[in-house]
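*Asks:* So here's query.cif (mmCIF, C-alpha atoms).
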data_target
loop_
_atom_site.group_PDB
_atom_site.id
_atom_site.type_symbol
_atom_site.label_atom_id
_atom_site.label_comp_id
_atom_site.auth_asym_id
_atom_site.auth_seq_id
_atom_site.Cartn_x
_atom_site.Cartn_y
_atom_site.Cartn_z
ATOM 1 C CA MET U 1 -12.748 -85.749 -4.030
ATOM 2 C CA LYS U 2 -9.212 -84.371 -4.113
ATOM 3 C CA PRO U 3 -7.626 -82.975 -0.941
ATOM 4 C CA LEU U 4 -7.263 -79.193 -0.675
ATOM 5 C CA SER U 5 -3.490 -79.483 -0.869
ATOM 6 C CA VAL U 6 -3.890 -80.314 -4.564
ATOM 7 C CA TYR U 7 -5.201 -76.800 -5.230
ATOM 8 C CA PRO U 8 -2.666 -74.568 -3.416
ATOM 9 C CA LYS U 9 -2.552 -71.875 -6.121
ATOM 10 C CA ALA U 10 -6.329 -71.593 -6.193
ATOM 11 C CA ILE U 11 -6.559 -71.295 -2.406
ATOM 12 C CA ILE U 12 -3.773 -68.705 -2.298
ATOM 13 C CA ALA U 13 -5.432 -66.705 -5.085
ATOM 14 C CA LEU U 14 -8.784 -66.843 -3.307
ATOM 15 C CA LEU U 15 -7.257 -65.674 -0.015
ATOM 16 C CA ALA U 16 -5.328 -62.911 -1.752
ATOM 17 C CA GLY U 17 -8.509 -61.715 -3.478
ATOM 18 C CA ALA U 18 -10.428 -61.720 -0.207
ATOM 19 C CA THR U 19 -7.635 -59.765 1.483
ATOM 20 C CA LEU U 20 -7.661 -57.155 -1.287
ATOM 21 C CA LEU U 21 -11.435 -56.773 -1.009
ATOM 22 C CA LEU U 22 -11.231 -56.298 2.754
ATOM 23 C CA HIS U 23 -8.417 -53.781 2.347
ATOM 24 C CA ALA U 24 -10.366 -51.861 -0.323
ATOM 25 C CA ALA U 25 -13.446 -51.771 1.890
ATOM 26 C CA ALA U 26 -11.410 -50.454 4.811
ATOM 27 C CA ALA U 27 -9.805 -47.787 2.604
ATOM 28 C CA THR U 28 -13.035 -46.115 1.496
ATOM 29 C CA ALA U 29 -13.709 -42.562 2.569
ATOM 30 C CA ARG U 30 -15.990 -42.050 5.548
ATOM 31 C CA VAL U 31 -18.311 -39.132 6.274
ATOM 32 C CA GLU U 32 -19.860 -38.647 9.718
ATOM 33 C CA VAL U 33 -22.462 -35.966 10.351
ATOM 34 C CA GLU U 34 -23.291 -34.651 13.804
ATOM 35 C CA PHE U 35 -26.241 -32.325 14.414
ATOM 36 C CA VAL U 36 -25.284 -30.067 17.325
ATOM 37 C CA LYS U 37 -28.201 -28.829 19.480
ATOM 38 C CA PRO U 38 -30.887 -29.180 16.786
ATOM 39 C CA ASP U 39 -33.511 -27.698 19.127
ATOM 40 C CA ASN U 40 -31.742 -24.361 18.669
ATOM 41 C CA TYR U 41 -31.729 -24.450 14.848
ATOM 42 C CA THR U 42 -33.446 -21.625 13.017
ATOM 43 C CA ASP U 43 -35.412 -24.290 11.069
ATOM 44 C CA ALA U 44 -35.511 -28.063 11.050
ATOM 45 C CA GLY U 45 -35.212 -28.324 14.821
ATOM 46 C CA ASP U 46 -37.786 -30.120 16.939
ATOM 47 C CA ARG U 47 -39.556 -26.918 17.908
ATOM 48 C CA HIS U 48 -39.632 -25.395 14.404
ATOM 49 C CA ALA U 49 -40.937 -28.221 12.223
ATOM 50 C CA ALA U 50 -44.074 -27.254 10.389
ATOM 51 C CA GLY U 51 -46.921 -29.517 9.369
ATOM 52 C CA SER U 52 -45.510 -32.578 7.703
ATOM 53 C CA GLU U 53 -41.852 -31.601 8.222
ATOM 54 C CA ASP U 54 -40.341 -34.159 10.579
ATOM 55 C CA PRO U 55 -37.108 -32.649 11.969
ATOM 56 C CA LYS U 56 -35.435 -36.057 12.378
ATOM 57 C CA ALA U 57 -36.326 -36.941 8.792
ATOM 58 C CA ILE U 58 -34.859 -33.640 7.571
ATOM 59 C CA MET U 59 -31.590 -34.269 9.416
ATOM 60 C CA GLN U 60 -31.427 -37.881 8.169
ATOM 61 C CA GLU U 61 -32.012 -36.654 4.620
ATOM 62 C CA PHE U 62 -29.163 -34.138 4.922
ATOM 63 C CA GLU U 63 -26.877 -36.731 6.519
ATOM 64 C CA ARG U 64 -27.531 -39.182 3.657
ATOM 65 C CA HIS U 65 -26.772 -36.420 1.167
ATOM 66 C CA PHE U 66 -23.420 -35.564 2.784
ATOM 67 C CA VAL U 67 -22.475 -39.276 2.905
ATOM 68 C CA LYS U 68 -23.399 -39.674 -0.769
ATOM 69 C CA LEU U 69 -21.263 -36.657 -1.678
ATOM 70 C CA GLY U 70 -18.330 -38.139 0.240
ATOM 71 C CA GLU U 71 -18.666 -41.441 -1.620
ATOM 72 C CA THR U 72 -18.474 -39.662 -4.959
ATOM 73 C CA CYS U 73 -15.402 -37.506 -4.445
ATOM 74 C CA LEU U 74 -13.443 -37.991 -1.217
ATOM 75 C CA PRO U 75 -10.235 -39.979 -1.733
ATOM 76 C CA ALA U 76 -10.170 -43.455 -0.205
ATOM 77 C CA GLY U 77 -9.045 -43.520 3.397
ATOM 78 C CA GLN U 78 -10.045 -39.955 4.257
ATOM 79 C CA ASP U 79 -12.437 -39.280 7.136
ATOM 80 C CA LEU U 80 -14.653 -36.215 7.200
ATOM 81 C CA HIS U 81 -16.538 -35.212 10.340
ATOM 82 C CA ILE U 82 -19.171 -32.514 9.787
ATOM 83 C CA ARG U 83 -20.842 -30.757 12.714
ATOM 84 C CA VAL U 84 -24.023 -28.967 11.649
ATOM 85 C CA LEU U 85 -24.546 -25.938 13.903
ATOM 86 C CA ASP U 86 -27.651 -24.372 12.325
ATOM 87 C CA ILE U 87 -30.100 -25.010 9.495
ATOM 88 C CA ARG U 88 -32.356 -22.500 7.845
ATOM 89 C CA LEU U 89 -34.545 -24.106 5.204
ATOM 90 C CA ALA U 90 -35.574 -22.353 2.005
ATOM 91 C CA GLY U 91 -38.813 -20.425 2.429
ATOM 92 C CA ARG U 92 -40.821 -19.530 5.500
ATOM 93 C CA VAL U 93 -43.780 -21.146 7.159
ATOM 94 C CA GLU U 94 -46.662 -18.716 6.885
ATOM 95 C CA TRP U 95 -49.488 -19.690 9.194
ATOM 96 C CA TRP U 96 -52.102 -17.959 7.039
ATOM 97 C CA HIS U 97 -51.236 -20.286 4.137
ATOM 98 C CA ARG U 98 -52.640 -23.729 4.899
ATOM 99 C CA SER U 99 -52.903 -26.845 2.788
ATOM 100 C CA LEU U 100 -56.208 -28.620 2.257
ATOM 101 C CA GLN U 101 -55.193 -30.865 5.166
ATOM 102 C CA PHE U 102 -54.812 -27.759 7.385
ATOM 103 C CA GLN U 103 -51.054 -28.144 7.601
ATOM 104 C CA ASP U 104 -48.667 -25.211 7.514
ATOM 105 C CA VAL U 105 -47.128 -24.484 4.137
ATOM 106 C CA ARG U 106 -43.565 -23.325 3.516
ATOM 107 C CA VAL U 107 -43.688 -20.410 1.059
ATOM 108 C CA LEU U 108 -40.611 -19.725 -1.096
ATOM 109 C CA ARG U 109 -39.672 -16.085 -1.664
ATOM 110 C CA ASP U 110 -36.558 -14.286 -2.963
ATOM 111 C CA VAL U 111 -35.613 -13.159 0.558
ATOM 112 C CA THR U 112 -35.928 -16.577 2.247
ATOM 113 C CA TRP U 113 -32.941 -18.465 0.888
ATOM 114 C CA PRO U 114 -31.498 -21.573 2.594
ATOM 115 C CA GLU U 115 -28.518 -21.282 4.916
ATOM 116 C CA MET U 116 -26.436 -23.683 6.983
ATOM 117 C CA GLU U 117 -23.716 -23.155 9.554
ATOM 118 C CA LEU U 118 -21.249 -25.982 10.000
ATOM 119 C CA GLU U 119 -17.727 -26.913 10.897
ATOM 120 C CA TYR U 120 -15.681 -29.825 9.706
ATOM 121 C CA VAL U 121 -12.515 -31.789 10.346
ATOM 122 C CA LEU U 122 -10.887 -33.742 7.511
ATOM 123 C CA LYS U 123 -8.341 -36.460 8.277
ATOM 124 C CA ASP U 124 -6.123 -38.506 5.988
ATOM 125 C CA ALA U 125 -5.825 -42.304 5.983
ATOM 126 C CA GLY U 126 -3.271 -42.156 8.800
ATOM 127 C CA GLY U 127 -5.576 -40.100 11.036
ATOM 128 C CA ALA U 128 -3.640 -36.837 10.649
ATOM 129 C CA GLU U 129 -5.770 -33.714 10.421
ATOM 130 C CA ILE U 130 -5.481 -32.153 6.955
ATOM 131 C CA GLY U 131 -8.325 -29.648 7.086
ATOM 132 C CA ARG U 132 -10.544 -27.848 9.565
ATOM 133 C CA ALA U 133 -12.885 -24.891 9.155
ATOM 134 C CA LYS U 134 -16.153 -23.308 10.148
ATOM 135 C CA ASP U 135 -18.286 -22.377 7.138
ATOM 136 C CA SER U 136 -21.491 -20.511 6.379
ATOM 137 C CA LEU U 137 -23.387 -21.898 3.409
ATOM 138 C CA SER U 138 -26.081 -19.892 1.658
ATOM 139 C CA SER U 139 -27.827 -19.730 -1.671
ATOM 140 C CA PRO U 140 -29.486 -16.319 -2.143
ATOM 141 C CA MET U 141 -30.291 -17.064 -5.790
ATOM 142 C CA TYR U 142 -31.884 -20.415 -4.924
ATOM 143 C CA LEU U 143 -35.112 -19.776 -6.855
ATOM 144 C CA HIS U 144 -33.050 -19.525 -10.046
ATOM 145 C CA ASP U 145 -30.939 -22.631 -9.348
ATOM 146 C CA THR U 146 -31.304 -24.947 -12.323
ATOM 147 C CA ILE U 147 -29.698 -27.843 -10.431
ATOM 148 C CA ALA U 148 -32.313 -27.656 -7.688
ATOM 149 C CA GLN U 149 -35.170 -27.253 -10.157
ATOM 150 C CA SER U 150 -34.124 -30.266 -12.219
ATOM 151 C CA GLY U 151 -34.860 -32.891 -9.552
ATOM 152 C CA LEU U 152 -37.917 -34.165 -7.764
ATOM 153 C CA GLU U 153 -36.206 -35.023 -4.493
ATOM 154 C CA SER U 154 -37.017 -33.428 -1.175
ATOM 155 C CA TYR U 155 -35.189 -30.252 -0.083
ATOM 156 C CA PRO U 156 -33.677 -29.615 -3.527
ATOM 157 C CA TYR U 157 -32.490 -26.058 -2.755
ATOM 158 C CA GLU U 158 -30.701 -27.085 0.420
ATOM 159 C CA LYS U 159 -29.111 -30.101 -1.290
ATOM 160 C CA ALA U 160 -27.927 -28.009 -4.240
ATOM 161 C CA MET U 161 -26.314 -25.584 -1.775
ATOM 162 C CA MET U 162 -24.680 -28.464 0.145
ATOM 163 C CA THR U 163 -23.453 -30.088 -3.071
ATOM 164 C CA ARG U 164 -21.901 -26.865 -4.323
ATOM 165 C CA TRP U 165 -20.079 -26.323 -1.012
ATOM 166 C CA PHE U 166 -18.897 -29.932 -0.805
ATOM 167 C CA LYS U 167 -17.523 -29.916 -4.354
ATOM 168 C CA GLU U 168 -15.715 -26.623 -3.820
ATOM 169 C CA ARG U 169 -14.137 -27.830 -0.569
ATOM 170 C CA PHE U 170 -13.350 -31.499 -1.109
ATOM 171 C CA CYS U 171 -13.635 -32.660 -4.716
ATOM 172 C CA PRO U 172 -10.731 -32.698 -7.160
ATOM 173 C CA ALA U 173 -10.833 -29.885 -9.724
ATOM 174 C CA GLY U 174 -12.347 -32.125 -12.419
ATOM 175 C CA ALA U 175 -15.263 -33.099 -10.187
ATOM 176 C CA GLN U 176 -16.369 -29.470 -9.855
ATOM 177 C CA ALA U 177 -17.359 -29.270 -13.503
ATOM 178 C CA SER U 178 -20.983 -30.186 -12.759
ATOM 179 C CA ALA U 179 -21.555 -27.121 -10.547
ATOM 180 C CA PRO U 180 -22.622 -24.036 -12.514
ATOM 181 C CA ALA U 181 -19.990 -21.335 -12.799
ATOM 182 C CA ASN U 182 -22.445 -18.611 -11.772
ATOM 183 C CA ALA U 183 -23.479 -20.399 -8.568
ATOM 184 C CA PRO U 184 -23.218 -18.213 -5.498
ATOM 185 C CA SER U 185 -20.787 -19.452 -2.898
ATOM 186 C CA ALA U 186 -20.167 -16.479 -0.653
ATOM 187 C CA ALA U 187 -22.485 -15.734 2.213
ATOM 188 C CA PRO U 188 -24.641 -12.637 1.672
ATOM 189 C CA PRO U 189 -25.169 -10.032 4.324
ATOM 190 C CA PRO U 190 -27.571 -11.160 7.068
ATOM 191 C CA HIS U 191 -31.243 -10.478 6.442
#
Output the file's structure in the form of structure tokens.

*Replies:*
Amino acid sequence: MKPLSVYPKAIIALLAGATLLLHAAAATARVEVEFVKPDNYTDAGDRHAAGSEDPKAIMQEFERHFVKLGETCLPAGQDLHIRVLDIRLAGRVEWWHRSLQFQDVRVLRDVTWPEMELEYVLKDAGGAEIGRAKDSLSSPMYLHDTIAQSGLESYPYEKAMMTRWFKERFCPAGAQASAPANAPSAAPPPH
């Protein structure tokens, strides 16, 4: 067996490659989601979950969705911290509608669109704040949302609303092409 000193170029190349991989991993964008006082949420809080809706599972699902959105369009090195202040799921739980398992059912109607209140802080790779805002997300035309209707995942209307907001706020102009042009983005009057 030859001593390692015989292969200096190979060792240097290997170390350089490992360093680049570590640097690339450290330079990825990061999204953190904080759910502020979820017990006070309109929906999806511990006291408002209906039937099979587990409030922690709902929040984890939304957190995973925000992280996935960040991975697809935030520039490397940026950090986004989202504080969710309120969640109102699409539809309403109507106690007189029960499933065969006697669980409450969430009924979707034109006047029960999803909404979310949040605030965010966006920082660049050096830690300098480059964006901060408090936003109200809503999707009053959610029953006609072709993006939400095309998937079989849970909470499709809420995720379509979150995706539209995220792309408008954080994605480069080319990345917004997948959101429909007629998608509502402004908050409607309270109902």

*Asks:* Between U:Glu117, U:Glu129, U:Asp39, U:Glu34, which has the minimum distance to U:Asp86 (counting only C-alpha atoms)?

*Replies:*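 Going through U:Glu117, U:Glu129, U:Asp39, U:Glu34 one by one, the smallest distance to U:Asp86 is for U:Glu117.
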
*Asks:* Looking at U:Lys123, U:Arg30, U:Lys37, U:Lys167, which one is nearest to U:Ile87, with distances taken over only C-alpha atoms?

*Replies:* U:Lys37

*Asks:* As AutoDock Vina command-line options, please: the centre and edge lengths in Å, to one decimal, of an axis-aligned box enclosing every listed atom of stretch 58-68 of chain U with 3 Å added on each side.

*Replies:*
--center_x -28.7 --center_y -36.7 --center_z 4.3 --size_x 18.4 --size_y 12.0 --size_z 16.2

*Asks:* Distance atom CA of U:Asp124-atom CA of U:Gln78, one decimal place?

*Replies:* 4.5 Å

*Asks:* Suppose a student applies the PyMOL selection byres ((chain U and resi 74) around 12) to this structure; what residues should they get, written as a PDB file with C-alpha atoms, in the coordinates of the input?

*Replies:*
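Here's the written file out14.pdb:
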ATOM      1  CA  ALA U  27      -9.805 -47.787   2.604  1.00  0.00           C
ATOM      2  CA  THR U  28     -13.035 -46.115   1.496  1.00  0.00           C
ATOM      3  CA  ALA U  29     -13.709 -42.562   2.569  1.00  0.00           C
ATOM      4  CA  ARG U  30     -15.990 -42.050   5.548  1.00  0.00           C
ATOM      5  CA  VAL U  31     -18.311 -39.132   6.274  1.00  0.00           C
ATOM      6  CA  PHE U  66     -23.420 -35.564   2.784  1.00  0.00           C
ATOM      7  CA  VAL U  67     -22.475 -39.276   2.905  1.00  0.00           C
ATOM      8  CA  LYS U  68     -23.399 -39.674  -0.769  1.00  0.00           C
ATOM      9  CA  LEU U  69     -21.263 -36.657  -1.678  1.00  0.00           C
ATOM     10  CA  GLY U  70     -18.330 -38.139   0.240  1.00  0.00           C
ATOM     11  CA  GLU U  71     -18.666 -41.441  -1.620  1.00  0.00           C
ATOM     12  CA  THR U  72     -18.474 -39.662  -4.959  1.00  0.00           C
ATOM     13  CA  CYS U  73     -15.402 -37.506  -4.445  1.00  0.00           C
ATOM     14  CA  PRO U  75     -10.235 -39.979  -1.733  1.00  0.00           C
ATOM     15  CA  ALA U  76     -10.170 -43.455  -0.205  1.00  0.00           C
ATOM     16  CA  GLY U  77      -9.045 -43.520   3.397  1.00  0.00           C
ATOM     17  CA  GLN U  78     -10.045 -39.955   4.257  1.00  0.00           C
ATOM     18  CA  ASP U  79     -12.437 -39.280   7.136  1.00  0.00           C
ATOM     19  CA  LEU U  80     -14.653 -36.215   7.200  1.00  0.00           C
ATOM     20  CA  LEU U 122     -10.887 -33.742   7.511  1.00  0.00           C
ATOM     21  CA  LYS U 123      -8.341 -36.460   8.277  1.00  0.00           C
ATOM     22  CA  ASP U 124      -6.123 -38.506   5.988  1.00  0.00           C
ATOM     23  CA  ALA U 125      -5.825 -42.304   5.983  1.00  0.00           C
ATOM     24  CA  PHE U 166     -18.897 -29.932  -0.805  1.00  0.00           C
ATOM     25  CA  LYS U 167     -17.523 -29.916  -4.354  1.00  0.00           C
ATOM     26  CA  GLU U 168     -15.715 -26.623  -3.820  1.00  0.00           C
ATOM     27  CA  ARG U 169     -14.137 -27.830  -0.569  1.00  0.00           C
ATOM     28  CA  PHE U 170     -13.350 -31.499  -1.109  1.00  0.00           C
ATOM     29  CA  CYS U 171     -13.635 -32.660  -4.716  1.00  0.00           C
ATOM     30  CA  PRO U 172     -10.731 -32.698  -7.160  1.00  0.00           C
ATOM     31  CA  ALA U 175     -15.263 -33.099 -10.187  1.00  0.00           C
TER      32      ALA U 175
END

*Asks:* From the list U:Arg109, U:Lys159, U:His81, U:His144, which residue is nearest U:Gly131 when using only C-alpha atoms?

*Replies:*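 Closest candidate: U:His81.
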
*Asks:* How would you write as a list in words the residues that get within 7 Å of (-27.9, -32.9, -0.4) in the file's frame, counting only C-alpha atoms?

*Replies:*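 Neighbouring residues, ordered by chain and number, come to Phe62, His65, Phe66, Glu158, Lys159, Ala160, Met162 and Thr163 of chain U.
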
*Asks:* Using all atoms listed in the file, can you tell me which of U:Glu153, U:Asp110, U:Glu115, U:Glu61 comes closest to U:Asp43?

*Replies:* U:Glu115

*Asks:* Tell me, in Å to one decimal, how far atom CA of U:Met116 is from atom CA of U:Leu137.

*Replies:*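 Between atom CA of U:Met116 and atom CA of U:Leu137 the gap works out to 5.0 Å.
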
*Asks:* From the set U:Leu108, U:Ile58, U:Val121, U:Val36, which residue has the shortest atom-to-atom contact distance to U:Pro140, counting all atoms listed in the file?

*Replies:*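 The shortest atom-to-atom distance to U:Pro140 comes from U:Leu108.
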
*Asks:* Could you tell me how far atom CA of U:Tyr120 sits from atom CA of U:Arg132, in Å to one decimal place?

*Replies:*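 Rounded to one decimal, the two atoms are 5.5 Å apart.
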
*Asks:* Smallest atom-to-atom distance to U:Arg83: which of U:Trp113, U:Ser154, U:Glu63, U:Thr146, using only C-alpha atoms?

*Replies:*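 Nearest to U:Arg83: U:Glu63.
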
*Asks:* I would like the residues chosen by the PyMOL selection byres ((chain U and resi 90) around 9) on the shown file; could you give them as a list of chain:residue names?

*Replies:*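 So the PyMOL selection byres ((chain U and resi 90) around 9) ends up selecting U:Arg88, U:Leu89, U:Gly91, U:Arg92, U:Arg106, U:Val107, U:Leu108, U:Arg109, U:Thr112, U:Trp113, U:Pro114, U:Glu115, U:Ser139, U:Tyr142, U:Tyr155, U:Tyr157, U:Glu158.
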